[in-house]
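Structure file query-v9.txt; described as compact mmCIF, C-alpha atoms.
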# COMPACT_ATOMS: atom_id res chain seq x y z
CA MET H 1 -5.38 -8.58 -28.62
CA THR H 2 -9.08 -8.11 -28.08
CA GLU H 3 -10.50 -7.28 -24.73
CA ASP H 4 -12.14 -10.66 -24.55
CA GLU H 5 -8.83 -12.46 -24.97
CA ALA H 6 -7.27 -10.29 -22.29
CA GLY H 7 -10.11 -11.17 -19.96
CA ARG H 8 -9.73 -14.90 -20.65
CA ARG H 9 -6.01 -14.76 -20.12
CA ARG H 10 -6.40 -13.08 -16.76
CA ALA H 11 -9.03 -15.56 -15.71
CA ARG H 12 -6.67 -18.41 -16.62
CA GLY H 13 -3.96 -16.92 -14.42
CA GLU H 14 -6.41 -16.62 -11.57
CA LEU H 15 -7.34 -20.29 -11.93
CA GLU H 16 -3.69 -21.27 -11.79
CA SER H 17 -3.22 -19.41 -8.57
CA GLU H 18 -6.36 -20.95 -7.08
CA VAL H 19 -5.17 -24.43 -7.95
CA MET H 20 -1.84 -23.66 -6.31
CA THR H 21 -3.53 -22.50 -3.12
CA ALA H 22 -5.66 -25.65 -3.09
CA LEU H 23 -2.61 -27.90 -3.47
CA TRP H 24 -0.78 -26.01 -0.75
CA SER H 25 -3.51 -26.23 1.79
CA ALA H 26 -4.11 -29.94 1.19
CA ALA H 27 -2.35 -32.25 3.62
CA GLU H 28 -1.48 -34.78 0.91
CA PRO H 29 -0.99 -34.99 -2.84
CA LEU H 30 -4.24 -34.52 -4.74
CA THR H 31 -5.69 -36.13 -7.83
CA PRO H 32 -7.25 -33.76 -10.36
CA ALA H 33 -10.63 -34.79 -8.96
CA GLY H 34 -9.36 -33.94 -5.49
CA VAL H 35 -8.26 -30.50 -6.66
CA GLN H 36 -11.64 -30.03 -8.29
CA ALA H 37 -13.37 -30.86 -5.01
CA ALA H 38 -11.04 -28.64 -2.96
CA LEU H 39 -11.72 -25.67 -5.22
CA GLY H 40 -15.45 -26.22 -4.95
CA SER H 41 -16.14 -23.69 -7.65
CA GLY H 42 -17.74 -25.83 -10.31
CA LEU H 43 -14.72 -26.09 -12.60
CA ALA H 44 -14.74 -28.76 -15.29
CA TYR H 45 -12.45 -31.72 -14.71
CA ASN H 46 -10.70 -31.04 -18.00
CA THR H 47 -10.00 -27.46 -17.00
CA VAL H 48 -8.38 -28.60 -13.76
CA GLN H 49 -6.37 -31.18 -15.70
CA THR H 50 -5.16 -28.52 -18.15
CA ILE H 51 -4.16 -26.14 -15.39
CA LEU H 52 -2.27 -28.90 -13.60
CA SER H 53 -0.28 -29.78 -16.71
CA ARG H 54 0.58 -26.13 -17.21
CA LEU H 55 1.78 -25.85 -13.62
CA LEU H 56 3.77 -29.04 -14.15
CA GLU H 57 5.47 -27.50 -17.17
CA LYS H 58 6.38 -24.47 -15.09
CA GLU H 59 7.80 -26.85 -12.47
CA LEU H 60 5.59 -25.39 -9.80
CA VAL H 61 4.01 -28.77 -9.06
CA ARG H 62 5.26 -32.37 -9.10
CA ARG H 63 3.39 -35.41 -10.27
CA GLY H 64 3.42 -39.06 -9.22
CA PRO H 65 1.33 -42.19 -9.77
CA ALA H 66 -1.88 -42.41 -7.77
CA ASP H 67 -2.05 -45.00 -5.01
CA ARG H 68 -5.11 -46.69 -6.36
CA GLY H 69 -6.25 -46.99 -9.90
CA ARG H 70 -5.02 -44.98 -12.82
CA GLY H 71 -3.96 -41.38 -13.14
CA HIS H 72 -1.67 -39.11 -11.19
CA VAL H 73 -1.50 -37.17 -7.99
CA TYR H 74 -0.04 -33.66 -7.77
CA TRP H 75 1.73 -31.80 -5.02
CA PRO H 76 3.47 -28.43 -4.86
CA ALA H 77 7.16 -28.23 -5.74
CA GLN H 78 8.54 -27.62 -2.28
CA ASP H 79 11.90 -26.25 -3.34
CA ALA H 80 10.39 -23.43 -5.40
CA ALA H 81 8.35 -22.39 -2.38
CA ALA H 82 11.30 -22.72 -0.03
CA LEU H 83 13.38 -20.53 -2.30
CA ALA H 84 10.59 -17.95 -2.42
CA ALA H 85 10.34 -18.05 1.38
CA THR H 86 14.06 -17.50 1.81
CA ARG H 87 14.06 -14.51 -0.51
CA MET H 88 10.90 -13.08 0.92
CA ARG H 89 12.21 -13.38 4.46
CA ALA H 90 15.51 -11.81 3.52
CA ALA H 91 13.76 -8.84 1.91
CA LEU H 92 11.24 -8.35 4.71
CA ASP H 93 13.56 -8.91 7.64
CA GLU H 94 16.02 -6.30 6.59
CA ARG H 95 14.34 -3.28 8.06
CA PRO H 96 12.06 -2.55 10.97
CA ASP H 97 9.60 -0.78 8.69
CA ARG H 98 9.66 -3.63 6.19
CA ARG H 99 5.91 -4.15 6.09
CA ALA H 100 5.02 -0.52 5.87
CA VAL H 101 5.96 -0.18 2.24
CA LEU H 102 3.84 -2.98 0.81
CA GLN H 103 0.20 -3.82 1.02
CA GLN H 104 -0.48 -6.61 3.39
CA PHE H 105 -3.65 -8.51 3.89
CA ALA H 106 -3.45 -8.60 7.65
CA ALA H 107 -1.26 -6.42 9.76
CA THR H 108 -0.45 -7.31 13.32
CA LEU H 109 -2.81 -6.76 16.20
CA GLY H 110 -2.73 -5.47 19.71
CA GLU H 111 -4.01 -7.76 22.47
CA ASP H 112 -7.24 -5.77 22.94
CA ASP H 113 -7.91 -5.91 19.23
CA ALA H 114 -7.36 -9.66 19.24
CA GLU H 115 -10.02 -10.04 21.94
CA THR H 116 -12.45 -7.94 19.93
CA LEU H 117 -11.83 -9.96 16.78
CA ARG H 118 -12.23 -13.28 18.58
CA ALA H 119 -15.57 -12.07 19.84
CA VAL H 120 -16.53 -11.06 16.31
CA LEU H 121 -15.58 -14.44 14.87
CA GLU H 122 -17.46 -16.34 17.57
CA GLU H 123 -20.50 -14.17 16.98
CA ARG H 124 -20.36 -15.26 13.36
CA GLU H 125 -19.97 -18.91 13.99
CA THR H 126 -22.77 -19.39 16.46
CA MET O 1 8.46 40.03 4.04
CA THR O 2 5.18 39.22 5.66
CA LEU O 3 3.91 36.12 7.29
CA ALA O 4 2.57 34.90 3.96
CA VAL O 5 5.56 32.71 3.27
CA TYR O 6 4.90 30.69 6.42
CA LEU O 7 1.24 30.12 5.71
CA PRO O 8 1.62 27.09 3.41
CA LEU O 9 3.19 25.31 6.34
CA VAL O 10 -0.26 25.09 7.96
CA LEU O 11 -1.82 23.31 4.96
CA PRO O 12 -0.96 19.84 6.31
CA VAL O 13 -3.24 20.50 9.25
CA LEU O 14 -6.12 20.94 6.83
CA VAL O 15 -5.18 17.76 5.01
CA ALA O 16 -4.85 15.82 8.27
CA LEU O 17 -8.31 16.94 9.35
CA ALA O 18 -9.75 15.91 6.00
CA ALA O 19 -8.00 12.55 6.25
CA ARG O 20 -9.40 11.87 9.70
CA TYR O 21 -12.85 12.80 8.52
CA ALA O 22 -12.61 10.71 5.35
CA ALA O 23 -11.25 7.50 6.84
CA ASP O 24 -14.55 6.07 8.00
CA ARG O 25 -17.08 7.96 5.97
CA ALA O 26 -16.03 8.12 2.37
CA ARG O 27 -16.01 5.55 -0.39
CA PRO O 28 -12.35 4.45 -0.49
CA GLY O 29 -12.18 4.58 -4.28
CA ALA O 30 -13.00 8.29 -4.18
CA ALA O 31 -11.23 9.26 -0.97
CA VAL O 32 -7.83 7.79 -1.89
CA PRO O 33 -7.20 9.87 -5.03
CA ALA O 34 -8.48 13.03 -3.32
CA LEU O 35 -6.29 12.57 -0.26
CA VAL O 36 -3.24 11.61 -2.32
CA ALA O 37 -3.63 14.68 -4.52
CA ALA O 38 -4.12 16.94 -1.49
CA ALA O 39 -1.04 15.46 0.20
CA VAL O 40 1.13 15.81 -2.91
CA LEU O 41 0.04 19.43 -3.43
CA THR O 42 0.77 20.18 0.19
CA ALA O 43 4.20 18.58 -0.02
CA ALA O 44 4.95 20.63 -3.13
CA ALA O 45 3.82 23.77 -1.31
CA THR O 46 6.09 22.84 1.60
CA ILE O 47 9.10 22.54 -0.66
CA TRP O 48 8.32 25.80 -2.41
CA SER O 49 7.95 27.64 0.90
CA LEU O 50 11.19 26.25 2.28
CA LEU O 51 12.92 27.10 -0.98
CA LEU O 52 11.73 30.71 -0.88
CA LEU O 53 12.77 31.06 2.75
CA THR O 54 16.16 29.58 1.94
CA LEU O 55 16.67 31.91 -1.00
CA THR O 56 16.33 34.93 1.29
CA LEU O 57 19.74 33.93 2.69
CA PHE O 58 21.28 35.31 -0.48
CA ASP O 59 20.65 38.91 0.58
CA ASP O 60 23.74 38.41 2.70
CA LEU O 61 25.99 37.56 -0.21
CA PRO O 62 29.05 39.85 -0.27
CA ALA O 63 28.14 41.16 -3.70
CA MET O 64 24.74 42.15 -2.45
CA ALA O 65 26.14 43.69 0.71
CA ALA O 66 28.64 45.70 -1.34
CA LEU O 67 25.90 46.94 -3.59
CA ASP O 68 23.93 47.78 -0.53
CA GLY O 69 26.78 49.89 0.90
CA ARG O 70 27.60 51.65 -2.38
CA LEU O 71 24.10 52.76 -3.04
CA GLY O 72 23.67 53.79 0.54
CA MET O 73 20.39 51.96 0.73
CA ARG O 74 19.15 49.41 3.17
CA LEU O 75 18.02 46.21 1.60
CA PRO O 76 14.87 44.88 3.09
CA GLU O 77 15.50 42.11 5.58
CA PRO O 78 12.77 39.75 4.50
CA VAL O 79 13.05 37.08 7.15
CA PRO O 80 15.48 36.64 10.01
CA ASP O 81 18.56 34.74 8.89
CA ALA O 82 18.00 32.15 11.58
CA VAL O 83 14.65 31.28 10.00
CA ALA O 84 16.20 31.05 6.56
CA VAL O 85 18.92 28.75 7.85
CA ILE O 86 16.36 26.53 9.57
CA ALA O 87 14.39 26.42 6.32
CA ALA O 88 17.51 25.38 4.42
CA VAL O 89 18.19 22.59 6.90
CA LEU O 90 14.57 21.40 6.79
CA LEU O 91 14.68 21.41 3.02
CA ALA O 92 17.82 19.29 2.98
CA VAL O 93 16.36 16.87 5.52
CA ALA O 94 13.16 16.60 3.49
CA MET O 95 15.11 15.74 0.34
CA VAL O 96 17.15 13.09 2.11
CA ARG O 97 14.06 11.52 3.64
CA LEU O 98 12.26 11.53 0.30
CA GLU O 99 15.15 9.81 -1.42
CA ARG O 100 15.40 7.22 1.36
CA ASP O 101 11.68 6.48 1.21
CA MET O 102 11.72 6.02 -2.58
CA HIS O 103 14.81 3.85 -2.40
CA LEU O 104 13.29 1.59 0.25
CA ARG O 105 10.13 1.05 -1.77
CA ARG O 106 11.97 0.40 -5.01
CA THR O 107 14.45 -2.10 -3.63
CA MET O 108 11.88 -3.92 -1.51
CA ALA O 109 9.51 -4.36 -4.44
CA ARG O 110 12.33 -5.50 -6.71
CA ARG O 111 13.62 -8.06 -4.26
CA LEU O 112 10.18 -9.46 -3.55
CA ARG O 113 9.41 -9.63 -7.25
CA ASN O 114 12.38 -11.95 -7.63
CA ALA O 115 11.18 -14.19 -4.82
CA GLY O 116 10.26 -17.12 -6.99
CA PRO O 117 8.48 -18.52 -10.04
CA SER O 118 4.85 -17.51 -10.18
CA ALA O 119 1.69 -19.34 -11.16
CA GLY O 120 -0.77 -16.89 -12.64
CA GLY O 121 0.81 -14.02 -10.73
CA LEU O 122 0.96 -15.93 -7.46
CA VAL O 123 4.10 -16.97 -5.63
CA VAL O 124 3.67 -19.33 -2.72
CA ALA O 125 6.41 -19.16 -0.14
CA ASP O 126 6.83 -22.06 2.26
CA TRP O 127 6.91 -20.08 5.48
CA SER O 128 4.86 -20.58 8.60
CA GLU O 129 4.29 -16.89 9.27
CA PRO O 130 0.92 -15.96 7.77
CA LEU O 131 1.50 -13.24 5.24
CA ALA O 132 -0.13 -12.06 2.03
CA VAL O 133 1.52 -9.24 0.14
CA ALA O 134 0.82 -7.52 -3.18
CA VAL O 135 4.09 -6.78 -4.97
CA PRO O 136 3.82 -4.12 -7.68
CA GLY O 137 5.47 -4.64 -11.04
CA ARG O 138 4.60 -5.49 -14.62
CA PRO O 139 2.70 -7.63 -14.09
CA GLY O 140 2.28 -7.39 -10.35
CA GLU O 141 2.53 -10.44 -8.18
CA ILE O 142 0.93 -11.76 -5.06
CA LEU O 143 3.14 -13.35 -2.44
CA LEU O 144 1.39 -15.75 -0.11
CA THR O 145 2.93 -17.87 2.60
CA THR O 146 1.86 -21.43 3.30
CA GLY O 147 1.22 -20.24 6.85
CA MET O 148 -1.52 -17.99 5.47
CA LEU O 149 -2.99 -20.62 3.15
CA ARG O 150 -3.34 -23.21 5.89
CA LEU O 151 -5.39 -20.83 8.01
CA LEU O 152 -8.12 -20.32 5.50
CA ASP O 153 -10.75 -22.39 3.76
CA ALA O 154 -11.18 -22.37 -0.02
CA ASP O 155 -13.57 -19.41 -0.10
CA GLU O 156 -11.47 -17.37 2.28
CA ARG O 157 -8.38 -18.05 0.16
CA ARG O 158 -10.24 -16.74 -2.86
CA ALA O 159 -11.18 -13.67 -0.86
CA VAL O 160 -7.53 -13.03 0.01
CA LEU O 161 -6.53 -13.40 -3.63
CA ALA O 162 -9.31 -11.04 -4.70
CA HIS O 163 -8.17 -8.52 -2.09
CA GLU O 164 -4.55 -8.60 -3.26
CA ARG O 165 -5.59 -8.46 -6.92
CA ALA O 166 -7.59 -5.33 -6.16
CA HIS O 167 -4.41 -3.74 -4.77
CA LEU O 168 -2.62 -4.52 -8.02
CA ALA O 169 -5.49 -3.63 -10.34
CA HIS O 170 -5.95 -0.19 -8.81
CA HIS O 171 -2.23 0.52 -8.51
CA HIS O 172 -2.46 1.09 -4.79
CA HIS O 173 1.31 1.04 -4.54
CA ARG O 174 1.32 4.24 -6.59
CA ALA O 175 -1.01 5.99 -4.14
CA MET O 176 1.20 4.75 -1.30
CA LEU O 177 4.33 5.86 -3.07
CA LEU O 178 2.97 9.38 -3.55
CA VAL O 179 1.52 9.82 -0.10
CA GLY O 180 4.59 8.18 1.44
CA GLY O 181 6.82 10.61 -0.40
CA ALA O 182 4.65 13.53 0.69
CA ALA O 183 4.83 12.40 4.33
CA ALA O 184 8.59 11.97 4.03
CA ILE O 185 8.87 15.58 2.86
CA ASN O 186 6.49 16.94 5.47
CA PRO O 187 6.04 14.80 8.60
CA LEU O 188 2.85 16.69 9.38
CA LEU O 189 1.32 14.70 6.51
CA ARG O 190 1.74 11.40 8.36
CA PRO O 191 -1.95 11.31 9.34
CA ALA O 192 -2.75 11.52 5.63
CA ARG O 193 -0.38 8.62 4.93
CA GLU O 194 -1.99 6.56 7.67
CA ALA O 195 -5.45 7.32 6.35
CA VAL O 196 -4.48 6.33 2.81
CA THR O 197 -2.84 3.13 4.08
CA TYR O 198 -6.08 2.26 5.81
CA LEU O 199 -8.27 3.32 2.89
CA VAL O 200 -6.45 1.21 0.27
CA GLU O 201 -7.02 -1.82 2.50
CA ARG O 202 -10.68 -0.90 2.80
CA TRP O 203 -10.83 -0.41 -0.95
CA ALA O 204 -9.41 -3.87 -1.57
CA ASP O 205 -11.73 -5.34 1.08
CA GLU O 206 -14.76 -3.78 -0.58
CA GLU O 207 -13.69 -4.95 -4.01
CA ALA O 208 -13.11 -8.49 -2.75
CA ALA O 209 -16.48 -8.37 -1.02
CA SER O 210 -18.33 -7.31 -4.14
CA GLY O 211 -16.36 -9.75 -6.31
CA MET O 212 -17.18 -12.65 -4.00
CA GLY O 213 -20.67 -11.32 -3.36
CA ASP O 214 -20.18 -11.91 0.36
CA ARG O 215 -19.08 -9.24 2.85
CA GLU O 216 -19.20 -11.68 5.75
CA LEU O 217 -16.71 -13.95 4.05
CA VAL O 218 -14.14 -11.20 3.56
CA ALA O 219 -14.64 -9.98 7.13
CA ARG O 220 -14.02 -13.53 8.37
CA ALA O 221 -10.90 -13.95 6.26
CA VAL O 222 -9.46 -10.63 7.44
CA ALA O 223 -10.23 -11.41 11.08
CA ARG O 224 -8.82 -14.93 10.91
CA ALA O 225 -5.62 -13.92 9.17
CA ALA O 226 -5.11 -11.02 11.58
CA LEU O 227 -5.69 -13.17 14.66
CA ALA O 228 -3.05 -15.59 13.45
CA THR O 229 -0.51 -12.80 13.19
CA ALA O 230 -1.33 -11.51 16.69
CA GLY O 231 1.70 -11.83 18.91
CA HIS O 232 4.18 -11.22 16.14
CA ARG O 233 6.51 -8.42 16.98
CA ALA O 234 5.57 -5.45 14.81
CA PRO O 235 3.20 -3.02 16.53
CA ALA O 236 -0.13 -2.36 14.90
CA PRO O 237 -0.14 0.97 13.12
CA ALA O 238 -2.43 3.26 15.10
CA LEU O 239 -5.13 5.13 13.27
CA GLY O 240 -6.97 7.54 15.45
CA VAL O 241 -7.91 6.42 18.90
CA HIS O 242 -10.68 3.92 18.48
CA GLY O 243 -9.34 0.45 17.87
CA GLY O 244 -6.80 -1.06 15.54
CA VAL O 245 -6.91 -0.96 11.79
CA ILE O 246 -8.01 -4.56 11.41
CA VAL O 247 -10.87 -4.24 13.85
CA ARG O 248 -12.09 -1.21 11.94
CA ARG O 249 -11.86 -3.04 8.65
CA VAL O 250 -13.83 -5.99 9.99
CA ARG O 251 -16.46 -3.71 11.52
CA ALA O 252 -16.75 -1.77 8.27
CA LEU O 253 -17.32 -5.03 6.37
CA GLN O 254 -20.07 -5.98 8.76
CA GLY O 255 -21.88 -2.77 7.95
CA PRO O 256 -23.35 -1.77 4.60
CA PRO O 257 -21.04 -0.87 1.70
CA PRO O 258 -20.05 2.80 1.85
CA GLY O 259 -22.13 5.09 -0.33
CA ALA O 260 -20.87 7.64 -2.79
CA ALA O 261 -19.49 10.67 -0.98
CA ARG O 262 -19.77 14.17 -2.29
CA TRP O 263 -17.24 15.79 -0.03
CA GLN O 264 -14.03 14.76 -1.78
CA MET O 265 -14.15 17.08 -4.76
CA PRO O 266 -14.83 20.22 -2.67
CA LEU O 267 -12.10 19.12 -0.26
CA LEU O 268 -9.54 18.62 -3.00
CA ALA O 269 -10.51 21.85 -4.72
CA GLY O 270 -10.38 23.69 -1.39
CA VAL O 271 -6.93 22.44 -0.52
CA ALA O 272 -5.65 23.10 -4.04
CA VAL O 273 -6.98 26.65 -4.06
CA ALA O 274 -5.60 27.30 -0.58
CA ALA O 275 -2.20 25.96 -1.61
CA LEU O 276 -2.09 28.00 -4.79
CA LEU O 277 -3.28 31.19 -3.11
CA LEU O 278 -0.82 30.88 -0.26
CA GLU O 279 2.03 30.08 -2.60
CA ALA O 280 1.12 32.91 -4.93
CA THR O 281 1.12 35.37 -2.03
CA ALA O 282 4.47 34.12 -0.83
CA THR O 283 5.91 34.28 -4.34
CA VAL O 284 4.65 37.80 -4.98
CA ASN O 285 6.22 38.83 -1.70
CA PHE O 286 9.48 37.25 -2.68
CA LEU O 287 9.49 38.93 -6.08
CA ALA O 288 8.85 42.28 -4.41
CA VAL O 289 11.97 41.74 -2.34
CA LEU O 290 13.93 40.81 -5.45
CA ARG O 291 12.81 44.01 -7.17
CA ALA O 292 13.87 46.03 -4.15
CA TRP O 293 17.37 44.65 -4.59
CA GLN O 294 17.61 45.59 -8.21
CA ILE O 295 16.60 49.23 -7.86
Could you write out this file's structure as structure tokens?
Amino acid sequence: MTEDEAGRRRARGELESEVMTALWSAAEPLTPAGVQAALGSGLAYNTVQTILSRLLEKELVRRGPADRGRGHVYWPAQDAAALAATRMRAALDERPDRRAVLQQFAATLGEDDAETLRAVLEERET
Amino acid sequence: MTLAVYLPLVLPVLVALAARYAADRARPGAAVPALVAAAVLTAAATIWSLLLLTLTLFDDLPAMAALDGRLGMRLPEPVPDAVAVIAAVLLAVAMVRLERDMHLRRTMARRLRNAGPSAGGLVVADWSEPLAVAVPGRPGEILLTTGMLRLLDADERRAVLAHERAHLAHHHHRAMLLVGGAAAINPLLRPAREAVTYLVERWADEEAASGMGDRELVARAVARAALATAGHRAPAPALGVHGGVIVRRVRALQGPPPGAARWQMPLLAGVAVAALLLEATATVNFLAVLRAWQI
């Protein structure tokens, strides 16, 4: 495998995960165009379509007819995520130091820290 | 025997000082390997010291004592027996703690890796608690909860993914495994473990920031995700005295990217040389005692 192919393959995986996060944070099933808009990263419609079919094959998303017009809408396969949640919870809940052994994006905060962070975020947004 | 055999036990203090100094000043990509190597060397020195101290117990073996009486000589009493016994106990405790630490990491990673089917290395778990975790493996996986995804906008979600991918790409779990094992062997190395825990997060933050080309964005994502987890039960790991880990990460992202540091190679070399010198002295001492027996 050439380096270029490896790079493309990784990029494809990253796109899949971005599409999944977009579907998950949407309140309702999305059309491919909706996914494209939610991603907001200038992906071609065909690319989004391809990724969605691949996710469908892996049974990570479900597909149904769109309300209006032609085409399909997609939503995440809830049972796969529920299963993952159950297993994740079981693994993490087992020990008091559960989080210490894995990298986490955000650890928990003390109350003072929370105040500081709120101030920081407000600073940003004004 | 002289005091030399105890000297390696002070090495962790050096490493802890270096860790405290490094945490906010050094480039994480350089500081992490240096601190991990220093911690591992120190842990090895700890084991060697405890082993040597323990071995001095054997001058009390009946065979030795008989030899002692027959030749009418007094064997040197290298260290008080009480010290040797304490060393033996500490050594046993260190081994048990090391094994427990390794076991915890292995089983946790394995169980999380089996959490569910992944899309491009991402597993989404339908759970309201906001959580994003990098799970090592081949290939590694990122576990995200729906609680986390719903907090963030599209760009912030990409920042979280980039952060977790940086953990996997740079094998941060390996650094944590090594420094965690070192701290399990020698509890005085806990400051080093804390510093490395913090520095791998900073490393991933910086990598996400440069990948996204936006430090503000990553700072926002970190702050937002952390605020959402406020009030959950686990206490924030303390690092030094000034503020929690998250606040420091956000503040660091608001500043300029850290520059290249020149201190880490001298530090590592210094600690390595100190460890080797101290160990060599202790070993020479020990061999001298051995020779005294054989005469």
Residue with smallest distance to Ala22 of chain H - pool H:Pro65, H:Gly42, H:Gly34, H:Gly71, counting all atoms listed in the file
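When distances to Ala22 of chain H are compared using all atoms listed in the file, the smallest one comes from H:Gly34.
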When you get a sec, could you note down which chain H residues fall within 7 Å of chain O, using only C-alpha atoms, as a PyMOL selection string?
chain H and resi 13-14+16-17+21+24-25+38-39+55+80-85+87-88+91+101-110+113-114+117+121
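Interatomic distance, atom CA of Ala208 of chain O to atom CA of Ala159 of chain O: 5.8 Å.
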Please list as an MDAnalysis selection string every residue within 8 Å of Ala38 of chain O, counting only C-alpha atoms and excluding residues in the same chain fewer than 2 positions away.
chainID O and resid 15 34:36 40:42 268 271:272
Residues within 10 Å of (-16.9, -37.9, -10.2), file coordinates, counting all atoms listed in the file: what are they? Give the list as a VMD selection string.
chain H and resid 33 to 34 36 to 37 45
Mind dumping the selected residues with C-alpha atoms as a compact mmCIF listing (two decimals), in the coordinates of the input?
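Wrote it out as part.txt, contents follow:
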# COMPACT_ATOMS: atom_id res chain seq x y z
CA ALA H 33 -10.63 -34.79 -8.96
CA GLY H 34 -9.36 -33.94 -5.49
CA GLN H 36 -11.64 -30.03 -8.29
CA ALA H 37 -13.37 -30.86 -5.01
CA TYR H 45 -12.45 -31.72 -14.71
Closest to Glu194 of chain O among O:Ala209, O:Ala30, O:Leu14, O:Ala175, using only C-alpha atoms?
O:Ala175
For Arg70 of chain H, work out the shell of residues within 12 Å, counting all atoms listed in the file and skipping chain neighbours fewer than 5 positions away, then give it as a list in words.
Thr31, Pro32, Gly64 and Pro65 of chain H
Please fill the gaps in segment 247-261 of chain O so it has N, CA, C and O atoms, and write that as a compact mmCIF listing (two decimals), keeping the file's coordinate frame.
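Ended up saving to result.txt:
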# COMPACT_ATOMS: atom_id res chain seq x y z
N VAL O 247 -9.54 -4.23 13.24
CA VAL O 247 -10.87 -4.24 13.85
C VAL O 247 -11.79 -3.29 13.08
O VAL O 247 -12.95 -3.62 12.80
N ARG O 248 -11.26 -2.16 12.69
CA ARG O 248 -12.09 -1.21 11.94
C ARG O 248 -12.46 -1.75 10.58
O ARG O 248 -13.58 -1.55 10.11
N ARG O 249 -11.52 -2.45 9.95
CA ARG O 249 -11.86 -3.04 8.65
C ARG O 249 -12.96 -4.08 8.78
O ARG O 249 -13.90 -4.13 7.98
N VAL O 250 -12.82 -4.94 9.80
CA VAL O 250 -13.83 -5.99 9.99
C VAL O 250 -15.19 -5.37 10.30
O VAL O 250 -16.22 -5.76 9.73
N ARG O 251 -15.20 -4.38 11.19
CA ARG O 251 -16.46 -3.71 11.52
C ARG O 251 -17.09 -3.06 10.29
O ARG O 251 -18.30 -3.11 10.11
N ALA O 252 -16.23 -2.44 9.47
CA ALA O 252 -16.75 -1.77 8.27
C ALA O 252 -17.38 -2.79 7.33
O ALA O 252 -18.39 -2.52 6.69
N LEU O 253 -16.77 -4.00 7.26
CA LEU O 253 -17.32 -5.03 6.37
C LEU O 253 -18.62 -5.60 6.90
O LEU O 253 -19.43 -6.14 6.15
N GLN O 254 -18.81 -5.48 8.20
CA GLN O 254 -20.07 -5.98 8.76
C GLN O 254 -21.21 -5.01 8.51
O GLN O 254 -22.36 -5.41 8.54
N GLY O 255 -20.86 -3.76 8.26
CA GLY O 255 -21.88 -2.77 7.95
C GLY O 255 -22.19 -2.80 6.46
O GLY O 255 -21.69 -3.63 5.72
N PRO O 256 -23.03 -1.86 6.02
CA PRO O 256 -23.35 -1.77 4.60
C PRO O 256 -22.17 -1.20 3.82
O PRO O 256 -21.30 -0.55 4.41
N PRO O 257 -22.12 -1.47 2.50
CA PRO O 257 -21.04 -0.87 1.70
C PRO O 257 -21.15 0.65 1.75
O PRO O 257 -22.26 1.18 1.80
N PRO O 258 -20.01 1.35 1.75
CA PRO O 258 -20.05 2.80 1.85
C PRO O 258 -20.69 3.41 0.60
O PRO O 258 -20.47 2.92 -0.51
N GLY O 259 -21.48 4.43 0.79
CA GLY O 259 -22.13 5.09 -0.33
C GLY O 259 -21.21 6.09 -1.00
O GLY O 259 -20.10 6.33 -0.52
N ALA O 260 -21.68 6.63 -2.11
CA ALA O 260 -20.87 7.64 -2.79
C ALA O 260 -20.82 8.90 -1.93
O ALA O 260 -21.82 9.32 -1.36
N ALA O 261 -19.64 9.47 -1.79
CA ALA O 261 -19.49 10.67 -0.98
C ALA O 261 -19.33 11.87 -1.90
O ALA O 261 -18.73 11.76 -2.96
